[in-house]
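File shown here: data-v4.txt, holding compact mmCIF, C-alpha atoms.
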```txt
# COMPACT_ATOMS: atom_id res chain seq x y z
CA MET A 2 3.69 -23.15 -13.69
CA ASN A 3 0.90 -25.02 -11.94
CA LEU A 4 -1.77 -22.56 -10.95
CA PRO A 5 -4.51 -23.36 -8.49
CA GLU A 6 -7.88 -23.86 -10.17
CA ASN A 7 -9.30 -20.80 -8.44
CA GLN A 8 -6.58 -18.56 -9.84
CA ASN A 9 -6.31 -16.80 -13.18
CA VAL A 10 -3.28 -14.88 -14.46
CA TYR A 11 -2.99 -12.66 -17.53
CA THR A 12 -1.44 -9.41 -18.76
CA GLU A 13 -3.15 -6.22 -19.91
CA GLY A 14 -0.59 -3.93 -21.45
CA ASN A 15 2.13 -3.37 -18.86
CA VAL A 16 -0.14 -4.67 -16.11
CA LEU A 17 0.05 -8.16 -14.68
CA VAL A 18 -3.33 -9.33 -13.42
CA ILE A 19 -3.84 -12.08 -10.85
CA GLU A 20 -7.39 -13.12 -10.04
CA ARG A 21 -8.05 -15.41 -7.14
CA LEU A 22 -11.22 -16.51 -5.42
CA PHE A 23 -11.25 -16.92 -1.63
CA ASN A 24 -13.79 -18.91 0.32
CA ALA A 25 -14.67 -16.14 2.78
CA PRO A 26 -16.98 -13.11 2.85
CA ARG A 27 -15.61 -9.81 1.59
CA ASP A 28 -15.60 -7.97 4.93
CA LEU A 29 -13.40 -10.67 6.41
CA VAL A 30 -10.98 -10.66 3.48
CA PHE A 31 -10.74 -6.89 3.57
CA ARG A 32 -9.96 -6.97 7.30
CA ALA A 33 -7.16 -9.48 6.68
CA TYR A 34 -5.66 -6.89 4.33
CA SER A 35 -6.37 -3.68 6.22
CA GLU A 36 -5.58 -4.52 9.86
CA SER A 37 -1.85 -4.41 10.53
CA ASP A 38 -1.61 -7.34 12.95
CA ARG A 39 -3.67 -9.56 10.64
CA LEU A 40 -1.71 -8.61 7.53
CA GLU A 41 1.53 -9.54 9.32
CA LYS A 42 0.21 -13.07 9.80
CA TRP A 43 0.11 -13.97 6.11
CA TRP A 44 1.94 -11.37 3.95
CA GLY A 45 5.39 -12.98 3.91
CA PRO A 46 6.35 -16.35 2.46
CA GLU A 47 6.07 -19.53 4.54
CA GLY A 48 8.72 -19.51 7.30
CA TRP A 49 9.19 -15.71 7.10
CA LYS A 50 8.07 -13.31 9.81
CA THR A 51 6.55 -10.03 8.69
CA GLU A 52 6.78 -6.96 10.88
CA ASN A 53 4.97 -3.73 10.04
CA PHE A 54 7.02 -0.79 11.32
CA GLN A 55 4.55 1.72 10.00
CA PHE A 56 1.02 1.06 8.81
CA GLU A 57 -1.10 4.11 8.09
CA PHE A 58 -4.14 2.74 6.31
CA LYS A 59 -5.34 5.92 4.61
CA PRO A 60 -4.60 7.71 1.31
CA GLU A 61 -0.98 8.91 1.27
CA GLY A 62 -0.37 6.79 4.37
CA ILE A 63 2.89 4.87 4.63
CA TRP A 64 3.22 1.14 5.05
CA HIS A 65 6.77 0.10 5.90
CA TYR A 66 7.52 -3.54 6.63
CA CYS A 67 10.32 -6.07 6.77
CA MET A 68 10.16 -9.83 6.34
CA THR A 69 12.77 -12.07 7.97
CA CYS A 70 13.37 -15.73 7.20
CA LEU A 71 13.24 -17.69 10.47
CA ASP A 72 13.20 -21.15 8.90
CA LYS A 73 16.61 -22.89 9.14
CA ASN A 74 15.51 -25.37 6.49
CA GLN A 75 15.46 -22.62 3.86
CA GLY A 76 19.26 -22.70 3.58
CA GLU A 77 20.73 -19.51 2.16
CA PHE A 78 17.51 -17.61 2.89
CA TYR A 79 17.73 -18.27 6.62
CA GLY A 80 18.29 -14.95 8.42
CA GLN A 81 17.75 -12.91 5.26
CA GLU A 82 15.66 -9.82 5.39
CA SER A 83 13.55 -8.18 2.73
CA CYS A 84 11.89 -4.83 3.30
CA GLY A 85 9.29 -2.90 1.38
CA LYS A 86 7.58 0.42 1.53
CA GLY A 87 4.13 1.09 0.21
CA ILE A 88 2.31 4.37 -0.09
CA PHE A 89 -1.46 4.05 -0.14
CA GLN A 90 -3.13 6.00 -2.89
CA GLU A 91 -6.77 5.03 -2.76
CA ILE A 92 -8.83 3.12 -0.24
CA VAL A 93 -12.51 2.28 -0.70
CA GLU A 94 -13.67 0.08 2.14
CA PRO A 95 -14.25 -2.86 1.59
CA GLU A 96 -13.83 -2.75 -2.19
CA LYS A 97 -10.51 -1.37 -3.25
CA ILE A 98 -6.93 -0.69 -2.14
CA VAL A 99 -4.38 1.02 -4.39
CA TYR A 100 -0.78 1.53 -3.31
CA THR A 101 2.64 2.11 -4.80
CA ASP A 102 5.16 -0.50 -3.81
CA TYR A 103 8.89 0.27 -3.46
CA PHE A 104 11.93 -1.69 -2.41
CA ALA A 105 13.27 -0.17 0.81
CA ASP A 106 15.73 -0.83 3.61
CA LYS A 107 15.01 -1.39 7.28
CA ALA A 108 15.21 2.34 7.99
CA GLY A 109 12.54 2.98 5.36
CA ASN A 110 14.78 4.49 2.70
CA VAL A 111 13.41 3.72 -0.73
CA ASN A 112 15.75 2.06 -3.25
CA GLU A 113 15.63 4.57 -6.10
CA GLU A 114 17.28 2.23 -8.58
CA MET A 115 14.35 -0.14 -8.60
CA PRO A 116 11.21 1.16 -10.23
CA GLY A 117 8.15 1.54 -8.04
CA MET A 118 5.19 -0.59 -8.91
CA LYS A 119 1.56 0.42 -8.64
CA VAL A 120 -0.56 -2.34 -7.16
CA SER A 121 -4.32 -2.16 -7.25
CA LEU A 122 -6.52 -4.65 -5.40
CA THR A 123 -10.25 -4.99 -5.87
CA PHE A 124 -12.48 -7.14 -3.70
CA THR A 125 -15.72 -8.44 -5.19
CA GLU A 126 -18.16 -10.66 -3.33
CA GLN A 127 -19.58 -13.63 -5.23
CA ASP A 128 -22.07 -15.85 -3.35
CA GLY A 129 -20.29 -15.52 -0.02
CA LYS A 130 -16.87 -15.89 -1.65
CA THR A 131 -14.49 -13.07 -2.48
CA LEU A 132 -12.65 -12.46 -5.72
CA ILE A 133 -9.46 -10.45 -5.34
CA ILE A 134 -8.12 -8.94 -8.54
CA THR A 135 -4.50 -7.91 -8.08
CA ARG A 136 -3.16 -5.63 -10.79
CA SER A 137 0.58 -4.82 -10.78
CA GLU A 138 1.79 -2.10 -13.11
CA PHE A 139 5.37 -2.85 -14.13
CA ALA A 140 6.72 0.61 -14.75
CA SER A 141 6.27 3.82 -12.87
CA GLU A 142 4.79 6.74 -14.78
CA GLU A 143 8.18 8.37 -14.70
CA ASP A 144 9.73 5.35 -16.38
CA LEU A 145 7.01 5.45 -18.97
CA LYS A 146 7.45 9.20 -19.49
CA GLN A 147 11.15 8.69 -19.94
CA VAL A 148 10.47 6.07 -22.55
CA MET A 149 7.89 8.27 -24.25
CA GLU A 150 10.44 11.03 -24.50
CA MET A 151 12.77 8.58 -26.13
CA GLY A 152 10.04 8.03 -28.67
CA VAL A 153 9.65 4.31 -28.33
CA VAL A 154 6.43 4.07 -26.38
CA GLU A 155 4.12 4.03 -29.36
CA GLY A 156 1.91 1.02 -29.10
CA PHE A 157 3.48 0.02 -25.80
CA SER A 158 0.35 -1.58 -24.40
CA SER A 159 -0.52 -3.70 -27.36
CA GLN A 160 3.11 -4.62 -27.80
CA MET A 161 3.26 -5.91 -24.27
CA ASN A 162 0.36 -8.24 -24.95
CA ARG A 163 2.19 -9.64 -27.93
CA LEU A 164 5.35 -9.77 -25.89
CA ASP A 165 3.58 -12.07 -23.51
CA ASP A 166 2.67 -14.45 -26.34
CA LEU A 167 6.21 -14.22 -27.57
CA LEU A 168 7.61 -15.22 -24.19
CA VAL A 169 5.44 -18.28 -24.12
CA GLU A 170 6.61 -19.24 -27.60
CA GLN A 171 10.25 -18.63 -26.70
CA LEU A 172 9.93 -20.97 -23.76
CA ARG A 173 8.79 -23.74 -26.03
CA MET A 174 11.89 -23.26 -28.22
CA MET B 7 15.64 -8.01 -11.63
CA LEU B 8 14.19 -7.15 -14.98
CA LYS B 9 15.54 -3.92 -16.38
CA PHE B 10 13.02 -1.56 -17.82
CA THR B 11 15.30 -0.92 -20.80
CA THR B 12 14.90 -4.58 -21.70
CA LEU B 13 11.19 -4.09 -22.14
CA SER B 14 11.41 -0.71 -23.78
CA ALA B 15 13.65 -2.14 -26.48
CA LEU B 16 10.68 -4.20 -27.60
CA ALA B 17 8.12 -1.44 -27.16
CA GLU B 18 8.42 -0.40 -30.76
CA PRO B 19 6.42 -2.17 -33.47
CA SER B 20 9.28 -2.56 -35.95
CA ARG B 21 11.60 -3.99 -33.34
CA LEU B 22 9.02 -6.48 -32.19
CA GLN B 23 8.45 -7.41 -35.84
CA ILE B 24 12.18 -7.96 -36.24
CA VAL B 25 12.20 -10.28 -33.23
CA GLU B 26 9.29 -12.18 -34.72
CA LEU B 27 11.04 -12.45 -38.09
CA LEU B 28 14.22 -13.75 -36.45
CA LYS B 29 12.26 -16.48 -34.72
CA GLY B 30 12.19 -18.09 -38.14
CA GLY B 31 16.01 -18.14 -38.26
CA PRO B 32 19.01 -15.80 -38.74
CA LEU B 33 18.71 -13.04 -41.36
CA SER B 34 20.89 -10.31 -42.82
CA VAL B 35 20.10 -6.59 -42.45
CA GLY B 36 19.09 -6.45 -46.09
CA GLU B 37 16.66 -9.33 -45.74
CA ILE B 38 15.15 -7.78 -42.62
CA ALA B 39 14.75 -4.39 -44.32
CA ASP B 40 13.11 -6.05 -47.35
CA ARG B 41 10.61 -8.05 -45.36
CA LEU B 42 9.59 -5.10 -43.19
CA ALA B 43 9.61 -2.76 -46.19
CA ILE B 44 11.84 -0.26 -44.40
CA ARG B 45 15.14 1.31 -45.44
CA GLN B 46 18.32 -0.52 -44.50
CA PRO B 47 19.73 2.26 -42.22
CA GLN B 48 16.47 2.15 -40.29
CA ALA B 49 16.70 -1.61 -39.93
CA SER B 50 20.30 -1.22 -38.74
CA LYS B 51 19.21 1.32 -36.14
CA HIS B 52 16.55 -1.02 -34.74
CA LEU B 53 18.99 -3.91 -34.74
CA ARG B 54 21.48 -1.83 -32.79
CA VAL B 55 18.90 -1.14 -30.04
CA LEU B 56 17.94 -4.82 -29.94
CA SER B 57 21.57 -5.81 -29.79
CA GLU B 58 22.32 -3.37 -26.94
CA ALA B 59 19.40 -4.81 -24.96
CA GLY B 60 20.85 -8.26 -25.63
CA PHE B 61 17.99 -9.57 -27.76
CA VAL B 62 20.03 -10.22 -30.91
CA GLU B 63 23.62 -11.00 -31.79
CA VAL B 64 25.47 -10.53 -35.02
CA GLU B 65 27.70 -12.85 -36.99
CA VAL B 66 29.86 -11.61 -39.81
CA ASN B 67 29.81 -14.06 -42.67
CA ALA B 68 31.56 -13.24 -45.97
CA ASN B 69 31.03 -9.47 -45.48
CA LYS B 70 27.41 -10.07 -44.60
CA ARG B 71 26.14 -9.22 -41.14
CA ILE B 72 23.75 -11.96 -40.06
CA TYR B 73 21.50 -11.34 -37.08
CA LYS B 74 20.00 -13.97 -34.82
CA LEU B 75 18.06 -14.09 -31.54
CA ARG B 76 19.67 -14.60 -28.16
CA PRO B 77 17.39 -16.40 -25.70
CA ASP B 78 18.84 -14.85 -22.50
CA PRO B 79 16.72 -11.70 -22.13
CA PHE B 80 13.59 -13.70 -22.81
CA ARG B 81 14.57 -16.05 -20.02
CA THR B 82 15.33 -13.13 -17.68
CA MET B 83 11.97 -11.58 -18.39
CA ASP B 84 10.20 -14.82 -17.89
CA SER B 85 12.00 -15.76 -14.69
CA TRP B 86 11.34 -12.32 -13.24
CA LEU B 87 7.64 -12.60 -14.02
CA ASP B 88 7.65 -16.12 -12.73
CA SER B 89 9.19 -15.25 -9.38
CA TYR B 90 6.88 -12.26 -8.99
CA LEU B 91 3.90 -14.52 -9.65
CA GLN B 92 5.21 -17.13 -7.25
CA ILE B 93 5.46 -14.56 -4.45
CA TRP B 94 1.81 -13.64 -4.90
CA GLU B 95 0.73 -17.24 -5.24
CA GLU B 96 2.42 -18.22 -2.01
CA ARG B 97 1.13 -15.08 -0.31
CA TYR B 98 -2.42 -15.91 -1.33
CA ASP B 99 -2.05 -19.54 -0.21
CA ARG B 100 -1.21 -18.16 3.20
CA LEU B 101 -4.09 -15.68 3.10
CA ASN B 102 -6.37 -18.56 2.22
CA ALA B 103 -5.23 -20.50 5.29
CA TYR B 104 -5.41 -17.39 7.47
CA LEU B 105 -9.00 -16.71 6.38
CA GLU B 106 -9.97 -20.16 7.66
CA LEU B 107 -8.57 -19.15 11.06
CA MET B 108 -10.50 -15.89 10.92
CA LYS B 109 -13.71 -17.73 10.07
CA ALA B 110 -13.22 -20.08 13.03
CA GLU B 111 -12.49 -17.09 15.24
CA GLU B 112 -15.71 -15.37 14.12
CA LYS B 113 -17.76 -18.48 14.75
CA LYS B 114 -16.37 -18.74 18.26
CA ASN B 115 -17.05 -15.05 18.96
CA ASN B 116 -20.61 -15.37 17.66
CA LYS B 117 -21.24 -18.34 19.95
CA GLU B 118 -19.85 -16.53 22.95
CA GLY B 119 -21.59 -13.27 22.06
```

Would it be possible to restate this file's structure as structure tokens?
Amino acid sequence: MNLPENQNVYTEGNVLVIERLFNAPRDLVFRAYSESDRLEKWWGPEGWKTENFQFEFKPEGIWHYCMTCLDKNQGEFYGQESCGKGIFQEIVEPEKIVYTDYFADKAGNVNEEMPGMKVSLTFTEQDGKTLIITRSEFASEEDLKQVMEMGVVEGFSSQMNRLDDLLVEQLRM
Amino acid sequence: MLKFTTLSALAEPSRLQIVELLKGGPLSVGEIADRLAIRQPQASKHLRVLSEAGFVEVEVNANKRIYKLRPDPFRTMDSWLDSYLQIWEERYDRLNAYLELMKAEEKKNNKEG
């Protein structure tokens, strides 16, 4: 994959880390993330309209949104809808946002078959620019607990790092 | 969507070692047990988990069970990661463009204020 120069991607255990530098001061970047009407402007993919049905920007607050594809040129995606539900866990203005992300339907019912993912965002100012570090934890704690009970979790974190190397090698095969 | 069981099958050092061994080519249970210095029933147990998760397949050759890697789950894992990354990349491209609008907006407000 071609990554922009200002972006860095790596894994840490079962966490996928995306680092990206934005050419704007931190307060501005944080507002783009924390104000509902601003977030709607950029959250969805190009050609998709995002609508926040619920946006309670506080710990334990609910963020329920749907994205709809309005671009006829996107073929099979045109008219499709994708909804998500986040529950904020930690908010430190303007430094940090942590939420758990779930697949949901338009009514806000969480899809229990898909594991929730914990997403943590940190905003660091660097000479007038802002570094966002996005950390996505693959498995919910429950999933991990379940696996631990099955006795296979030993060394999970370090294994995942090696798994990453392995995937890269497999792709070359 | 990537199944968690796919990942958990590899979250065990011996199983990951087996996958790494099989990258070198197909092997029998006996050969795998020898190289990992584990007992054959243990090796069979690990191979069964890997096989259920779709990582390996078995071929029976003159009473010998030969195991080899199947590339599919590796592709699934990679394509899932890839699409997840792409979503964020596109999202952040849009944020980048939106921040330019916000900066212009601020400038205008500062002038007027």

Do a neighbour search on Glu36 in chain A at 12 Å with all atoms listed in the file, toss out local chain neighbours closer than 2 positions, and write the hits as a list in words. Asp28, Leu29, Val30, Phe31, Arg32, Ala33, Tyr34, Asp38, Arg39, Leu40, Glu41, Lys42, Trp43, Trp44, Asn53, Gln55, Phe56, Glu57, Phe58, Lys59 and Trp64 of chain A

One-decimal distance in Å that lies between CA of Arg41 in chain B and CA of Gln23 in chain B: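 Distance between the two atoms: 9.8 Å.
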
Only residues of chain B matter here; which ones have an atom within 6 Å of chain A, counting only C-alpha atoms? Give them as an NGL selection string. :B and (17-18 or 97 or 100-101)

Once you have the residues from the selection above, write them out as a tab-separated table (two decimals), in the coordinates of the input, restricted to C-alpha atoms.
```
chain	number	residue	atom	x	y	z
B	17	ALA	CA	8.12	-1.44	-27.16
B	18	GLU	CA	8.42	-0.40	-30.76
B	97	ARG	CA	1.13	-15.08	-0.31
B	100	ARG	CA	-1.21	-18.16	3.20
B	101	LEU	CA	-4.09	-15.68	3.10
```

What gap, in Å, lies between CA of Val25 in chain B and CA of Ala43 in chain B?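 CA of Ala43 in chain B lies 15.2 Å from CA of Val25 in chain B.
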
Any idea what's packed within 8 Å of Leu122 in chain A, counting only C-alpha atoms, ignoring anything in its chain fewer than 6 positions away? Could you give it as a PyMOL selection string? chain A and resi 97-99+133-136

Two-atom distance - CA of Asn110 in chain A, CA of Lys86 in chain A (Å):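 About the pair CA of Asn110 in chain A and CA of Lys86 in chain A: they are 8.4 Å apart.
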
Can I get range 64-81 of chain A with N, CA, C and O atoms filled in, as a compact mmCIF listing (two decimals), in the coordinates of the input?
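Written out: rebuild01.txt:
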```
# COMPACT_ATOMS: atom_id res chain seq x y z
N TRP A 64 3.17 2.50 4.53
CA TRP A 64 3.22 1.14 5.05
C TRP A 64 4.66 0.65 4.86
O TRP A 64 5.10 0.46 3.74
N HIS A 65 5.38 0.53 5.97
CA HIS A 65 6.77 0.10 5.90
C HIS A 65 6.91 -1.21 6.66
O HIS A 65 6.52 -1.30 7.81
N TYR A 66 7.44 -2.22 6.00
CA TYR A 66 7.52 -3.54 6.63
C TYR A 66 8.82 -4.25 6.26
O TYR A 66 9.44 -3.93 5.25
N CYS A 67 9.22 -5.18 7.10
CA CYS A 67 10.32 -6.07 6.77
C CYS A 67 9.90 -7.51 7.00
O CYS A 67 9.11 -7.80 7.92
N MET A 68 10.41 -8.39 6.18
CA MET A 68 10.16 -9.83 6.34
C MET A 68 11.50 -10.51 6.61
O MET A 68 12.49 -10.22 5.94
N THR A 69 11.54 -11.38 7.61
CA THR A 69 12.77 -12.07 7.97
C THR A 69 12.54 -13.57 7.90
O THR A 69 11.53 -14.06 8.40
N CYS A 70 13.50 -14.27 7.29
CA CYS A 70 13.37 -15.73 7.20
C CYS A 70 13.84 -16.37 8.51
O CYS A 70 15.00 -16.25 8.89
N LEU A 71 12.92 -17.07 9.18
CA LEU A 71 13.24 -17.69 10.47
C LEU A 71 13.34 -19.20 10.35
O LEU A 71 13.52 -19.90 11.34
N ASP A 72 13.23 -19.71 9.12
CA ASP A 72 13.20 -21.15 8.90
C ASP A 72 14.59 -21.65 8.49
O ASP A 72 15.06 -21.36 7.39
N LYS A 73 15.24 -22.40 9.41
CA LYS A 73 16.61 -22.89 9.14
C LYS A 73 16.66 -23.81 7.93
O LYS A 73 17.71 -23.96 7.30
N ASN A 74 15.53 -24.44 7.61
CA ASN A 74 15.51 -25.37 6.49
C ASN A 74 15.57 -24.66 5.13
O ASN A 74 15.69 -25.32 4.10
N GLN A 75 15.46 -23.33 5.14
CA GLN A 75 15.46 -22.62 3.86
C GLN A 75 16.87 -22.22 3.41
O GLN A 75 17.04 -21.38 2.52
N GLY A 76 17.87 -22.85 4.04
CA GLY A 76 19.26 -22.70 3.58
C GLY A 76 19.73 -21.26 3.51
O GLY A 76 19.73 -20.56 4.52
N GLU A 77 20.13 -20.83 2.31
CA GLU A 77 20.73 -19.51 2.16
C GLU A 77 19.76 -18.38 2.54
O GLU A 77 20.20 -17.26 2.82
N PHE A 78 18.46 -18.66 2.55
CA PHE A 78 17.51 -17.61 2.89
C PHE A 78 17.42 -17.36 4.40
O PHE A 78 16.99 -16.30 4.84
N TYR A 79 17.85 -18.37 5.17
CA TYR A 79 17.73 -18.27 6.62
C TYR A 79 18.44 -17.00 7.13
O TYR A 79 19.61 -16.77 6.82
N GLY A 80 17.71 -16.18 7.88
CA GLY A 80 18.29 -14.95 8.42
C GLY A 80 18.21 -13.76 7.48
O GLY A 80 18.47 -12.64 7.87
N GLN A 81 17.85 -14.02 6.22
CA GLN A 81 17.75 -12.91 5.26
C GLN A 81 16.56 -12.03 5.56
O GLN A 81 15.57 -12.46 6.13
```
